[in-house]
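Colleague: Below is one structure. I have some questions about it.
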Amino acid sequence: MKDLGELKFFLDIEFARSDKGIVVSQRKYALELIAEMGLRGAKPAGAPLESSYQRLVGRLLYLTMTRVDIAFVVQVLSQFMHKPK
């Protein structure tokens with residue numbers, strides 16, 4: 001075995017230690033997702049683009065592992081994976 005030092009990132013999940021405990025975050029993953037989809041300066045829209053909808057929802061499902069506040073909305077979006085309209 002080899003000691004790789006303190007855990008910082010694993011599977012796009014960031015781990016940070018503090019006096020109060022360990023903080024688990026996917027901030028970097030979320031920012032990369034927003035940038036990759038070209039949504040940095042985007043305003044809310046009525047319906048997402050069909051071509052990237054399934055991929056986006058799949059990645060958002062992964063993000064809900066640490067972002068419980070968006071879990072309900074992502075679950076509702078995932079109901080329309082095969083027919084986004």
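We name chains A, B, ... following the order of the structure tokens; residues begin at 1 in each chain, and ligands are numbered from 1 as shown.
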Run DSSP on the backbone and tell me which residues of chain A come out as strand (DSSP E or B); list them as a count of residues only.
Modeller: 13
Colleague: Please identify the helix (DSSP H, G or I) residues within range 3-71 of chain A (assignment by DSSP from backbone atoms) and present them as a count of residues only.
Modeller: 28
Colleague: How far is it from CA of Ile13 in chain A to CA of Ser25 in chain A, in Å with one decimal?
Modeller: 5.8 Å
Colleague: Tell me which protein, DNA and RNA residues are within 12 Å of range 15-18 of chain A, counting only C-alpha atoms, leaving out same-chain ones fewer than 5 positions away, and put them as number ranges by chain.
Modeller: A: 6-10, 23-28, 66
